[in-house]
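Chemist: Enclosed is the structure file structure_37.txt (compact mmCIF, C-alpha atoms).
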```txt
# COMPACT_ATOMS: atom_id res chain seq x y z
CA MET F 5 -29.29 -64.19 -29.69
CA ASP F 6 -26.53 -61.61 -29.82
CA GLN F 7 -25.11 -60.08 -32.97
CA GLN F 8 -22.17 -62.41 -33.14
CA GLY F 9 -24.49 -65.29 -33.81
CA PHE F 10 -24.83 -67.33 -30.67
CA HIS F 11 -27.51 -67.62 -28.04
CA GLU F 12 -26.89 -66.65 -24.47
CA SER F 13 -28.03 -70.18 -23.72
CA VAL F 14 -24.96 -71.52 -25.56
CA ILE F 15 -22.69 -69.49 -23.29
CA GLU F 16 -24.66 -70.70 -20.29
CA ALA F 17 -24.31 -74.30 -21.41
CA ALA F 18 -20.58 -73.83 -21.98
CA ILE F 19 -20.18 -72.33 -18.51
CA ALA F 20 -22.09 -75.31 -17.14
CA GLY F 21 -19.48 -77.57 -18.71
CA GLU F 22 -21.20 -78.81 -21.86
CA ARG F 23 -18.47 -79.75 -24.27
CA GLU F 24 -20.40 -79.18 -27.48
CA ALA F 25 -21.46 -75.68 -26.47
CA LEU F 26 -17.92 -74.82 -25.48
CA ASN F 27 -16.56 -76.01 -28.83
CA LEU F 28 -19.14 -73.92 -30.66
CA LEU F 29 -18.32 -70.88 -28.57
CA TRP F 30 -14.60 -71.29 -29.19
CA GLN F 31 -15.08 -71.64 -32.94
CA GLN F 32 -17.05 -68.41 -33.00
CA THR F 33 -14.65 -66.40 -30.89
CA ARG F 34 -11.16 -67.71 -31.68
CA ARG F 35 -10.56 -65.26 -34.53
CA TRP F 36 -11.11 -62.18 -32.42
CA VAL F 37 -9.14 -63.81 -29.63
CA ALA F 38 -6.32 -64.04 -32.18
CA VAL F 39 -6.68 -60.32 -32.90
CA ILE F 40 -6.49 -59.47 -29.18
CA LEU F 41 -3.36 -61.61 -28.93
CA LEU F 42 -1.87 -59.85 -31.96
CA ALA F 43 -2.52 -56.50 -30.33
CA HIS F 44 -0.79 -57.47 -27.07
CA LYS F 45 1.76 -60.21 -27.77
CA PRO F 46 5.51 -59.66 -28.01
CA ARG F 47 6.57 -59.29 -31.62
CA ASP F 48 8.45 -62.59 -31.81
CA ALA F 49 5.87 -64.72 -29.95
CA ASP F 50 4.03 -67.35 -31.98
CA LEU F 51 0.34 -66.62 -32.33
CA ASP F 52 -0.62 -70.29 -32.59
CA ASP F 53 1.20 -71.13 -29.35
CA LEU F 54 -0.63 -68.35 -27.56
CA LEU F 55 -3.96 -69.45 -29.02
CA GLN F 56 -3.35 -72.91 -27.62
CA VAL F 57 -2.61 -71.43 -24.21
CA VAL F 58 -5.88 -69.49 -24.34
CA ALA F 59 -7.77 -72.59 -25.53
CA MET F 60 -6.40 -74.50 -22.55
CA GLN F 61 -7.39 -71.71 -20.17
CA VAL F 62 -10.89 -71.60 -21.66
CA CYS F 63 -11.31 -75.32 -20.98
CA ARG F 64 -9.98 -75.06 -17.48
CA LYS F 65 -11.60 -71.88 -16.27
CA ILE F 66 -14.84 -71.37 -18.20
CA THR F 67 -16.78 -72.48 -15.13
CA GLU F 68 -15.45 -69.43 -13.28
CA VAL F 69 -17.43 -67.05 -15.54
CA ARG F 70 -20.30 -65.79 -13.42
CA GLU F 71 -22.78 -64.80 -16.11
CA PRO F 72 -23.01 -65.10 -19.90
CA LYS F 73 -22.75 -61.34 -20.43
CA ALA F 74 -19.32 -61.34 -18.82
CA PHE F 75 -17.99 -64.03 -21.15
CA LYS F 76 -16.51 -61.83 -23.88
CA SER F 77 -14.65 -59.49 -21.55
CA TRP F 78 -13.47 -62.51 -19.53
CA LEU F 79 -12.13 -64.14 -22.69
CA ARG F 80 -10.35 -60.91 -23.68
CA THR F 81 -8.72 -60.75 -20.24
CA VAL F 82 -7.57 -64.36 -20.58
CA ALA F 83 -6.02 -63.52 -23.97
CA ILE F 84 -4.30 -60.36 -22.71
CA ASN F 85 -2.89 -62.22 -19.71
CA ALA F 86 -1.56 -64.98 -21.96
CA ALA F 87 0.11 -62.41 -24.22
CA ARG F 88 1.65 -60.53 -21.28
CA GLU F 89 2.87 -63.73 -19.65
CA GLU F 90 4.52 -64.65 -22.93
CA GLY F 91 6.15 -61.21 -22.94
CA ARG F 92 7.60 -61.83 -19.48
CA LYS F 93 8.77 -65.32 -20.47
CA THR F 94 10.38 -64.01 -23.66
CA THR F 95 12.30 -61.42 -21.68
CA ARG F 96 13.47 -64.04 -19.16
CA ARG F 97 14.40 -66.47 -21.97
CA LYS F 98 16.42 -63.83 -23.79
CA ARG F 99 18.26 -62.86 -20.60
CA SER F 100 19.05 -66.53 -19.88
CA MET F 101 20.24 -67.07 -23.42
CA LEU F 102 22.41 -63.95 -23.36
CA LYS F 103 24.01 -64.99 -20.08
CA LEU F 104 24.55 -68.48 -21.38
CA VAL F 105 26.38 -67.42 -24.51
CA GLY F 106 27.99 -64.28 -23.02
CA MET F 107 26.20 -61.81 -25.26
CA GLU F 108 24.59 -59.56 -22.66
CA LYS F 109 25.20 -56.46 -24.73
CA ALA F 110 24.05 -57.94 -28.02
CA ASP F 111 21.35 -56.27 -30.05
CA GLN F 112 18.02 -57.53 -28.71
CA ARG F 113 15.79 -56.07 -31.38
CA VAL F 114 13.70 -58.36 -33.51
CA PRO F 115 14.05 -57.60 -37.20
CA LEU F 116 11.15 -55.60 -38.61
CA GLY F 117 8.69 -57.92 -40.29
CA ALA F 118 10.04 -61.07 -38.67
CA ASP F 119 6.60 -61.75 -37.21
CA ILE F 120 4.53 -61.48 -40.37
CA ALA F 121 4.40 -63.55 -43.50
CA ALA F 122 7.24 -63.17 -45.97
CA THR F 123 4.71 -62.81 -48.74
CA ASP F 124 3.41 -59.50 -47.38
CA SER F 125 4.73 -56.49 -49.26
CA ASP F 126 7.06 -53.98 -47.62
CA GLU F 127 4.25 -51.45 -47.60
CA SER F 128 1.90 -53.88 -45.85
CA LYS F 129 4.57 -54.62 -43.26
CA ARG F 130 5.17 -50.93 -42.72
CA ILE F 131 1.46 -50.26 -42.19
CA TYR F 132 1.09 -53.27 -39.88
CA HIS F 133 4.04 -52.27 -37.70
CA ALA F 134 2.92 -48.66 -37.59
CA ALA F 135 -0.51 -49.89 -36.43
CA MET F 136 1.15 -51.98 -33.73
CA SER F 137 2.91 -48.88 -32.43
CA LEU F 138 -0.37 -47.05 -31.78
CA PRO F 139 -1.51 -46.80 -28.15
CA ALA F 140 -3.42 -49.96 -27.10
CA GLY F 141 -6.66 -48.03 -26.73
CA TYR F 142 -6.62 -47.32 -30.49
CA ARG F 143 -4.71 -50.38 -31.66
CA GLU F 144 -7.22 -52.92 -30.38
CA PRO F 145 -10.39 -51.50 -31.97
CA ILE F 146 -8.58 -50.80 -35.26
CA LEU F 147 -7.30 -54.36 -35.49
CA LEU F 148 -10.66 -55.82 -34.46
CA ARG F 149 -12.34 -53.76 -37.18
CA CYS F 150 -9.97 -55.40 -39.67
CA MET F 151 -12.06 -58.53 -39.11
CA ARG F 152 -14.74 -57.79 -41.63
CA SER F 153 -17.42 -59.63 -39.71
CA MET F 154 -17.06 -57.54 -36.57
CA SER F 155 -19.31 -54.51 -36.09
CA TYR F 156 -18.63 -51.49 -33.88
CA HIS F 157 -21.24 -52.84 -31.47
CA GLN F 158 -19.52 -56.23 -31.21
CA ILE F 159 -16.13 -54.58 -30.73
CA GLY F 160 -17.71 -52.49 -27.97
CA GLU F 161 -18.95 -55.65 -26.26
CA VAL F 162 -15.49 -57.19 -26.27
CA LEU F 163 -13.75 -54.03 -25.08
CA GLU F 164 -16.60 -53.09 -22.72
CA LEU F 165 -16.94 -49.64 -24.26
CA PRO F 166 -19.93 -47.78 -25.77
CA THR F 167 -20.33 -48.05 -29.55
CA THR F 168 -19.82 -44.28 -29.95
CA THR F 169 -16.45 -44.53 -28.19
CA ILE F 170 -15.42 -47.38 -30.47
CA GLU F 171 -16.43 -45.36 -33.52
CA THR F 172 -14.43 -42.32 -32.36
CA ARG F 173 -11.37 -44.42 -31.47
CA ILE F 174 -11.35 -46.20 -34.81
CA ALA F 175 -11.70 -42.92 -36.70
CA ARG F 176 -9.10 -41.10 -34.62
CA GLY F 177 -6.76 -44.10 -34.64
CA ARG F 178 -6.87 -44.26 -38.43
CA ARG F 179 -5.95 -40.60 -38.65
CA MET F 180 -3.10 -41.18 -36.19
CA LEU F 181 -1.92 -44.11 -38.26
CA LYS F 182 -2.04 -42.05 -41.45
CA GLU F 183 -0.04 -39.26 -39.82
CA LEU F 184 2.48 -41.76 -38.44
CA LEU F 185 3.02 -43.27 -41.89
CA LYS F 186 3.40 -39.79 -43.37
CA GLN F 187 5.99 -38.91 -40.74
CA GLN F 188 7.91 -42.10 -41.49
CA GLU F 189 7.87 -41.31 -45.20
CA GLN F 190 9.17 -37.82 -44.56
CA GLN F 191 11.93 -39.16 -42.30
CA SER F 192 13.06 -41.74 -44.85
CA THR F 193 13.00 -39.08 -47.60
CA THR F 194 15.13 -36.76 -45.44
CA GLN F 195 17.56 -39.60 -44.68
CA ALA F 196 17.80 -40.52 -48.35
CA ASN F 197 18.48 -36.88 -49.27
CA THR F 198 21.15 -36.58 -46.57
CA LYS F 199 22.85 -39.74 -47.86
CA ALA F 200 22.72 -38.43 -51.41
CA VAL F 201 24.29 -35.12 -50.35
CA GLN F 202 27.00 -36.99 -48.44
CA THR F 203 27.70 -39.21 -51.45
CA VAL F 204 27.95 -36.22 -53.78
CA GLY F 205 30.17 -34.44 -51.22
CA GLY F 206 32.41 -37.50 -51.02
CA MET F 207 32.82 -37.64 -54.79
CA ARG F 208 34.18 -34.09 -55.02
CA MET R 5 -22.88 -34.05 -37.24
CA ASN R 6 -22.41 -30.32 -36.68
CA THR R 7 -22.00 -28.17 -39.73
CA ASN R 8 -20.95 -24.54 -40.13
CA GLU R 9 -22.63 -22.98 -43.08
CA HIS R 10 -21.48 -19.80 -44.81
CA ASN R 11 -23.31 -18.20 -47.71
CA ASN R 12 -20.66 -15.76 -48.91
CA GLN R 13 -19.04 -18.12 -51.40
CA PRO R 14 -18.93 -17.20 -55.12
CA ASP R 15 -21.30 -19.97 -56.12
CA ASN R 16 -23.58 -19.27 -53.14
CA GLU R 17 -23.46 -22.91 -52.07
CA PRO R 18 -23.15 -23.52 -48.34
CA VAL R 19 -19.63 -24.44 -47.18
CA VAL R 20 -19.72 -27.34 -44.78
CA LYS R 21 -16.79 -27.55 -42.40
CA LEU R 22 -16.44 -30.36 -39.93
CA PRO R 23 -14.36 -30.41 -36.77
CA GLY R 24 -11.41 -32.87 -37.01
CA ASP R 25 -13.02 -35.75 -35.12
CA GLU R 26 -16.30 -35.51 -37.02
CA ARG R 27 -14.48 -35.46 -40.31
CA ASP R 28 -12.53 -38.57 -39.24
CA VAL R 29 -15.73 -40.33 -38.15
CA LEU R 30 -17.43 -39.46 -41.45
CA VAL R 31 -14.54 -40.88 -43.48
CA SER R 32 -14.42 -43.96 -41.22
CA ARG R 33 -18.14 -44.62 -41.64
CA ILE R 34 -17.79 -44.54 -45.42
CA ILE R 35 -14.79 -46.91 -45.32
CA ASP R 36 -16.65 -49.30 -43.04
CA GLY R 37 -19.74 -49.21 -45.25
CA ILE R 38 -22.06 -47.87 -42.58
CA ALA R 39 -22.51 -44.29 -43.79
CA SER R 40 -26.14 -43.15 -43.86
CA SER R 41 -27.61 -41.06 -46.67
CA GLU R 42 -27.23 -38.02 -44.43
CA ASP R 43 -23.53 -38.86 -43.96
CA TRP R 44 -23.14 -39.01 -47.75
CA ASN R 45 -24.87 -35.67 -48.18
CA ILE R 46 -22.49 -34.08 -45.69
CA PHE R 47 -19.53 -35.73 -47.41
CA ARG R 48 -20.59 -34.35 -50.80
CA ALA R 49 -21.09 -30.90 -49.33
CA VAL R 50 -17.62 -30.94 -47.75
CA ALA R 51 -16.01 -32.36 -50.88
CA SER R 52 -17.52 -29.70 -53.13
CA HIS R 53 -15.40 -27.05 -51.38
CA ASP R 54 -12.57 -29.22 -50.05
CA PRO R 55 -11.68 -31.90 -52.60
CA SER R 56 -8.76 -33.02 -50.40
CA ILE R 57 -11.29 -35.12 -48.46
CA TRP R 58 -11.41 -37.46 -51.48
CA SER R 59 -7.68 -38.21 -51.29
CA GLU R 60 -8.00 -38.51 -47.52
CA LEU R 61 -10.72 -41.11 -48.07
CA ALA R 62 -8.65 -42.95 -50.66
CA ASP R 63 -5.51 -42.99 -48.47
CA ILE R 64 -7.29 -44.28 -45.38
CA GLN R 65 -9.30 -46.78 -47.43
CA GLN R 66 -6.09 -48.18 -48.93
CA MET R 67 -4.39 -48.27 -45.53
CA HIS R 68 -7.36 -50.08 -43.98
CA LYS R 69 -7.47 -52.58 -46.84
CA SER R 70 -3.78 -53.37 -46.52
CA LEU R 71 -3.99 -53.71 -42.74
CA SER R 72 -7.11 -55.89 -42.99
CA ASP R 73 -5.42 -58.23 -45.45
CA THR R 74 -2.39 -58.60 -43.17
CA VAL R 75 -4.51 -59.14 -40.05
CA GLU R 76 -6.81 -61.64 -41.78
CA ASP R 77 -3.75 -63.50 -43.01
CA GLN R 78 -2.22 -63.53 -39.52
CA ILE R 79 -5.34 -64.72 -37.69
CA SER R 80 -6.25 -67.43 -40.20
CA ILE R 81 -4.17 -69.80 -38.05
CA ALA R 82 -6.93 -69.52 -35.41
CA ASP R 83 -9.21 -71.70 -37.55
CA GLN R 84 -6.88 -74.62 -36.92
CA ILE R 85 -6.77 -74.27 -33.14
CA GLU R 86 -9.29 -76.50 -31.43
CA LEU R 87 -9.94 -76.85 -27.73
CA PRO R 88 -7.87 -79.55 -26.05
CA GLY R 89 -9.97 -82.68 -25.55
CA GLY R 90 -11.15 -84.27 -22.38
CA LEU R 91 -10.32 -81.65 -19.79
CA ILE R 92 -13.63 -79.99 -19.14
CA ASP R 93 -15.43 -83.01 -17.77
CA ASP R 94 -12.45 -84.31 -15.89
CA GLU R 95 -12.92 -82.64 -12.51
CA PRO R 96 -10.13 -84.38 -10.56
CA LEU R 97 -7.67 -83.65 -13.34
CA ARG R 98 -8.76 -80.02 -13.50
CA THR R 99 -8.31 -79.68 -9.76
CA LYS R 100 -4.77 -81.00 -10.03
CA LEU R 101 -4.00 -78.61 -12.86
CA ASP R 102 -5.46 -75.65 -10.99
CA LEU R 103 -3.44 -76.54 -7.93
CA VAL R 104 -0.13 -76.65 -9.71
CA SER R 105 -0.86 -73.78 -12.09
CA ARG R 106 -1.13 -71.35 -9.17
CA TRP R 107 2.63 -71.44 -9.13
CA GLY R 108 2.76 -69.67 -12.46
CA GLY R 109 1.66 -70.49 -15.99
CA TRP R 110 1.03 -73.70 -17.82
CA ALA R 111 4.68 -74.38 -18.51
CA ALA R 112 5.44 -74.18 -14.81
CA ALA R 113 2.38 -76.32 -14.12
CA ALA R 114 3.68 -78.93 -16.50
CA ALA R 115 7.13 -78.82 -14.96
CA ILE R 116 5.70 -79.34 -11.48
CA LEU R 117 3.51 -82.11 -12.77
CA LEU R 118 6.59 -83.85 -14.07
CA VAL R 119 7.99 -83.84 -10.57
CA TRP R 120 4.73 -84.96 -9.13
CA LEU R 121 3.97 -87.73 -11.54
CA PHE R 122 7.34 -89.04 -12.52
CA GLY R 123 9.62 -88.12 -9.64
CA LYS R 124 12.43 -85.60 -9.81
CA PRO R 125 13.24 -84.07 -13.20
CA ALA R 126 16.72 -84.14 -14.65
CA MET R 127 17.82 -80.72 -13.42
CA LEU R 128 16.68 -81.51 -9.91
CA SER R 129 18.21 -84.94 -9.99
CA ASN R 130 21.45 -83.38 -11.12
CA GLN R 131 21.45 -81.12 -8.07
CA ILE R 132 20.46 -83.91 -5.72
CA ASP R 133 22.98 -86.33 -7.13
CA SER R 134 25.77 -83.80 -6.94
CA SER R 135 25.02 -83.08 -3.30
CA ASP R 136 25.14 -86.61 -1.99
CA LYS R 137 27.46 -88.39 -4.38
CA PRO R 138 31.15 -87.83 -5.01
CA ASP R 139 32.19 -86.02 -8.18
CA ILE R 140 34.18 -88.16 -10.51
CA ALA R 141 37.07 -86.79 -12.51
CA GLY R 142 36.01 -83.24 -11.74
CA LEU R 143 32.62 -83.64 -13.40
CA PRO R 144 29.95 -82.22 -11.12
CA GLY R 145 26.86 -84.33 -10.72
CA SER R 146 28.33 -87.22 -12.63
CA GLY R 147 27.11 -89.55 -9.86
CA LEU R 148 26.86 -93.22 -10.59
CA ILE R 149 27.52 -92.99 -14.26
CA GLY R 150 30.84 -91.30 -13.80
CA SER R 151 32.03 -94.01 -11.43
CA LYS R 152 30.77 -97.51 -11.84
CA MET R 153 27.64 -97.79 -13.95
CA LEU R 154 27.96 -98.42 -17.67
CA LEU R 155 26.19 -96.00 -19.91
CA ASP R 156 23.84 -98.63 -21.32
CA GLN R 157 22.72 -99.47 -17.79
CA ALA R 158 21.94 -95.86 -16.88
CA GLN R 159 18.54 -94.30 -16.63
CA PRO R 160 17.85 -91.72 -19.38
CA ASP R 161 18.15 -88.81 -16.93
CA GLN R 162 21.46 -90.10 -15.64
CA ALA R 163 22.81 -90.59 -19.14
CA PHE R 164 21.62 -87.14 -20.10
CA ASP R 165 23.30 -85.55 -17.07
CA ARG R 166 26.46 -87.36 -18.01
CA TYR R 167 26.25 -85.99 -21.56
CA LEU R 168 25.79 -82.43 -20.25
CA SER R 169 28.61 -82.51 -17.73
CA SER R 170 30.99 -84.32 -20.05
CA GLY R 171 30.10 -82.03 -22.93
CA GLN R 172 30.61 -78.93 -20.81
CA SER R 173 34.03 -80.13 -19.69
CA THR R 174 35.14 -80.66 -23.29
CA GLY R 175 33.52 -77.44 -24.47
CA GLN R 176 31.09 -79.11 -26.85
CA VAL R 177 28.05 -78.34 -24.71
CA VAL R 178 27.47 -74.71 -23.79
CA GLY R 179 24.49 -75.49 -21.58
CA GLU R 180 20.83 -76.31 -21.40
CA MET R 181 18.22 -73.58 -21.75
CA PRO R 182 16.50 -73.23 -18.40
CA GLU R 183 12.96 -73.38 -19.76
CA GLN R 184 11.37 -76.55 -21.02
CA ILE R 185 8.75 -75.95 -23.66
CA VAL R 186 5.51 -77.90 -23.37
CA ILE R 187 4.46 -79.19 -26.79
CA GLU R 188 1.45 -81.27 -25.93
CA THR R 189 -0.46 -82.50 -22.93
CA ARG R 190 -2.90 -85.39 -22.92
CA PRO R 191 -5.05 -86.66 -20.10
CA MET R 192 -4.59 -90.41 -19.65
CA PRO R 193 -7.41 -92.84 -18.84
CA ASP R 194 -6.07 -93.34 -15.29
CA GLY R 195 -6.31 -89.59 -14.51
CA SER R 196 -2.63 -88.84 -14.99
CA ILE R 197 -1.30 -86.50 -17.66
CA GLU R 198 1.09 -87.22 -20.47
CA VAL R 199 3.30 -84.21 -21.17
CA LEU R 200 5.47 -83.91 -24.26
CA TYR R 201 8.08 -81.24 -23.83
CA LEU R 202 11.18 -79.91 -25.48
CA ARG R 203 14.59 -79.57 -23.83
CA GLN R 204 16.98 -77.25 -25.60
CA ILE R 205 20.72 -77.82 -25.55
CA ILE R 206 23.22 -75.36 -26.95
CA GLU R 207 26.31 -76.97 -28.43
CA ARG R 208 29.40 -75.51 -30.06
CA GLN R 209 31.76 -76.85 -32.69
CA VAL R 210 35.01 -75.42 -33.99
CA ILE R 211 35.39 -76.10 -37.71
CA ASP R 212 38.01 -75.40 -40.37
CA HIS R 213 35.75 -75.52 -43.40
CA ALA R 214 32.03 -75.48 -44.02
CA TYR R 215 30.24 -77.14 -46.90
CA ARG R 216 26.77 -76.91 -48.32
CA GLU R 217 25.13 -79.91 -49.98
CA VAL R 218 23.92 -79.26 -53.53
CA HIS R 219 22.66 -81.44 -56.36
CA ASN R 220 24.94 -81.70 -59.40
CA GLU R 221 23.75 -82.16 -62.99
CA ALA R 222 23.42 -85.89 -62.47
CA GLY R 223 21.23 -85.31 -59.44
CA GLN R 224 23.89 -86.47 -57.02
CA ILE R 225 24.51 -84.61 -53.79
CA ILE R 226 27.95 -83.01 -53.67
CA PRO R 227 29.59 -80.79 -51.04
CA VAL R 228 30.38 -77.22 -52.03
CA PRO R 229 32.64 -75.09 -49.82
CA VAL R 230 30.91 -72.16 -48.16
CA LYS R 231 32.59 -69.03 -46.89
CA LEU R 232 31.17 -68.30 -43.46
CA GLU R 233 30.67 -64.78 -42.16
CA PRO R 234 30.44 -63.93 -38.44
CA LYS R 235 26.80 -64.41 -37.52
CA HIS R 236 24.72 -63.65 -34.47
CA ARG R 237 21.08 -64.35 -33.98
CA SER R 238 19.66 -60.86 -34.15
CA SER R 239 16.63 -61.80 -32.09
CA TYR R 240 18.81 -62.39 -29.03
```
How does the structure come out when it is put into structure tokens?

Modeler:
Amino acid sequence: MDQQGFHESVIEAAIAGEREALNLLWQQTRRWVAVILLAHKPRDADLDDLLQVVAMQVCRKITEVREPKAFKSWLRTVAINAAREEGRKTTRRKRSMLKLVGMEKADQRVPLGADIAATDSDESKRIYHAAMSLPAGYREPILLRCMRSMSYHQIGEVLELPTTTIETRIARGRRMLKELLKQQEQQSTTQANTKAVQTVGGMR
Amino acid sequence: MNTNEHNNQPDNEPVVKLPGDERDVLVSRIIDGIASSEDWNIFRAVASHDPSIWSELADIQQMHKSLSDTVEDQISIADQIELPGGLIDDEPLRTKLDLVSRWGGWAAAAAILLVWLFGKPAMLSNQIDSSDKPDIAGLPGSGLIGSKMLLDQAQPDQAFDRYLSSGQSTGQVVGEMPEQIVIETRPMPDGSIEVLYLRQIIERQVIDHAYREVHNEAGQIIPVPVKLEPKHRSSY
């Protein structure tokens, strides 16, 4: 039995096509699949749509997994591919839409925070988006660690990296994130000061 | 962890300095609740001469907590996503799906399946009709509907094509989005697949006034004039 709580025999059974085993496996992995999707999906893509795409792929292609040990990295690859394909589709859809309504030069940016719940505070949104701007090699382990049930060892299994590497990346990534947030704060303070000076200058 | 000890401090306590990465790892271990007693001893030793490590710990702890809450909130939707039923044991169906999906993604697979199972889709039929049937009144692809057939006798695809071409000529229809979005797929008992999908049409209207419906004191719905500002969808 591995640390995530299922026997290798369950994976074997799922690969062999046993429905019950596959359902169990999906229930135990779908949350970290969601995290992988979050780390790789386009900002405006719906997470639940992508999860359904991955669920469909799992059903269709689980029999292609050669051995139980390869299951987690296979599932991660399926999730990353689904997220990237959605990215390509989103780009194509936007181009089609722009051509259709004659807005080729329109602003294509998605508003900050459009992809996370409205109830999250501005500070939470700022931290989340700063985390999403980290390089993928740091972003993925940091987000996976946000799932409280996932140990460094389990994250290493999914990312196919040694536990020590995961530990270093999480630690270094957190420092990078802290520095990024500090930089943003300094920039917004500078901008606010510049505006204030301009306003005072305009009043004279 | 490596430590550099110096004994020339006023209180004669050893000063423990950690290289950047080791300091980060130490703080991370504490945040993740996996610090050993040795890790704690090193932390205390560092903190006794460099209290800034406490605020560093607090900042990163707070950042991690906030990020974890957001991520947990985001991924909670995963608990509602179940595997689609019936596919895994349906070998012939899976073979069909694999065959068509090689041409690119599930949406494309579904689109090809529509052709396969139900004949030509509307966009194709539009092209085919327009190539071998005369255009009526300058409406491309109007085919039978534009000439002889009454609308209530037309097939849905033909009526839909008529709506598009007629709407485009009057300016009410801007066009149809090229991608059809698959909402649901269900294997049928006979081995075929039922596909529910969304077609998106963009229409335009020119209006003089806009109103919003509100409830008055008596609970009745009344129209209230609204001043419209120029608006673009910022995501496009």

Chemist: Within 9 Å of Ser70 in chain R, counting only C-alpha atoms, which residues qualify if same-chain residues fewer than 3 places away don't, as a list in words?

Modeler: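 Residues near the query, excluding close chain neighbours: Glu127, Ser128, Ile131 and Tyr132 of chain F; Gln65, Gln66, Met67, Asp73, Thr74 and Val75 of chain R.
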
Chemist: Can you pull out every residue within 12 Å of range 186-202 of chain F, counting all atoms listed in the file, but drop anything in the same chain fewer than 4 positions away, and send it as an MDAnalysis selection string?

Modeler: (chainID F and resid 127 130:131 133:134 179:182 206:208) or (chainID R and resid 63:64 67)

Chemist: Given the choices F:Leu163, F:Ile15, F:Val69, F:Leu41, which gets closest to chain R if the distance is worked out from all atoms listed in the file?

Modeler: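 Of all the options, F:Leu41 lies closest to chain R.
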
Chemist: Could the centre and edge lengths of an axis-aligned box, enclosing all atoms of range 36-42 of chain F in the file with 6 Å extra on each side, be given in Å to one decimal as lines of an AutoDock Vina configuration file?

Modeler:
```
center_x = -6.5
center_y = -61.8
center_z = -30.9
size_x = 21.2
size_y = 16.6
size_z = 16.0
```

Chemist: Extract, using all atoms listed in the file, all DNA, RNA and protein residues at most 9 Å from Gly175 in chain R, discarding same-chain residues fewer than 3 positions from it, and format them as an MDAnalysis selection string.

Modeler: chainID R and resid 170:172 178 207:209

Chemist: Can you tell me how far CA of Gly160 in chain F sits from CA of Lys21 in chain R, in Å to one decimal?

Modeler: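 Rounded to one decimal, the two atoms are 28.8 Å apart.
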
Chemist: What does the structure give for the distance between CA of Ala17 in chain F and CA of Trp30 in chain F, in Å to one decimal?

Modeler: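 Between these atoms lies a distance of 12.8 Å.
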
Chemist: I need the residue nearest chain F from this list: R:Ser80, R:Ser56, R:Gln162, R:Gln224. Use all atoms listed in the file for the distance.

Modeler: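 Of all the options, R:Ser80 lies closest to chain F.
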
Chemist: Between R:Leu30, R:Leu202, R:Leu22, R:Ile185, which is the closest to Ile174 in chain F once you count all atoms listed in the file?

Modeler: R:Leu30

Chemist: Under the rule that all atoms listed in the file are counted, which of F:Leu28, F:Ile66, F:Val82, F:Ala38 is the nearest residue to chain R?

Modeler: F:Ala38

Chemist: Which neighbours of Leu29 in chain F fall inside 9 Å, counting all atoms listed in the file, when residues of the same chain fewer than 4 positions from it are skipped, and could you give them as a list of chain:residue names?

Modeler: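 The contact residues come out as F:Phe10, F:Val14, F:Ile15, F:Ala18, F:Glu24, F:Ala25, F:Thr33, F:Arg34.
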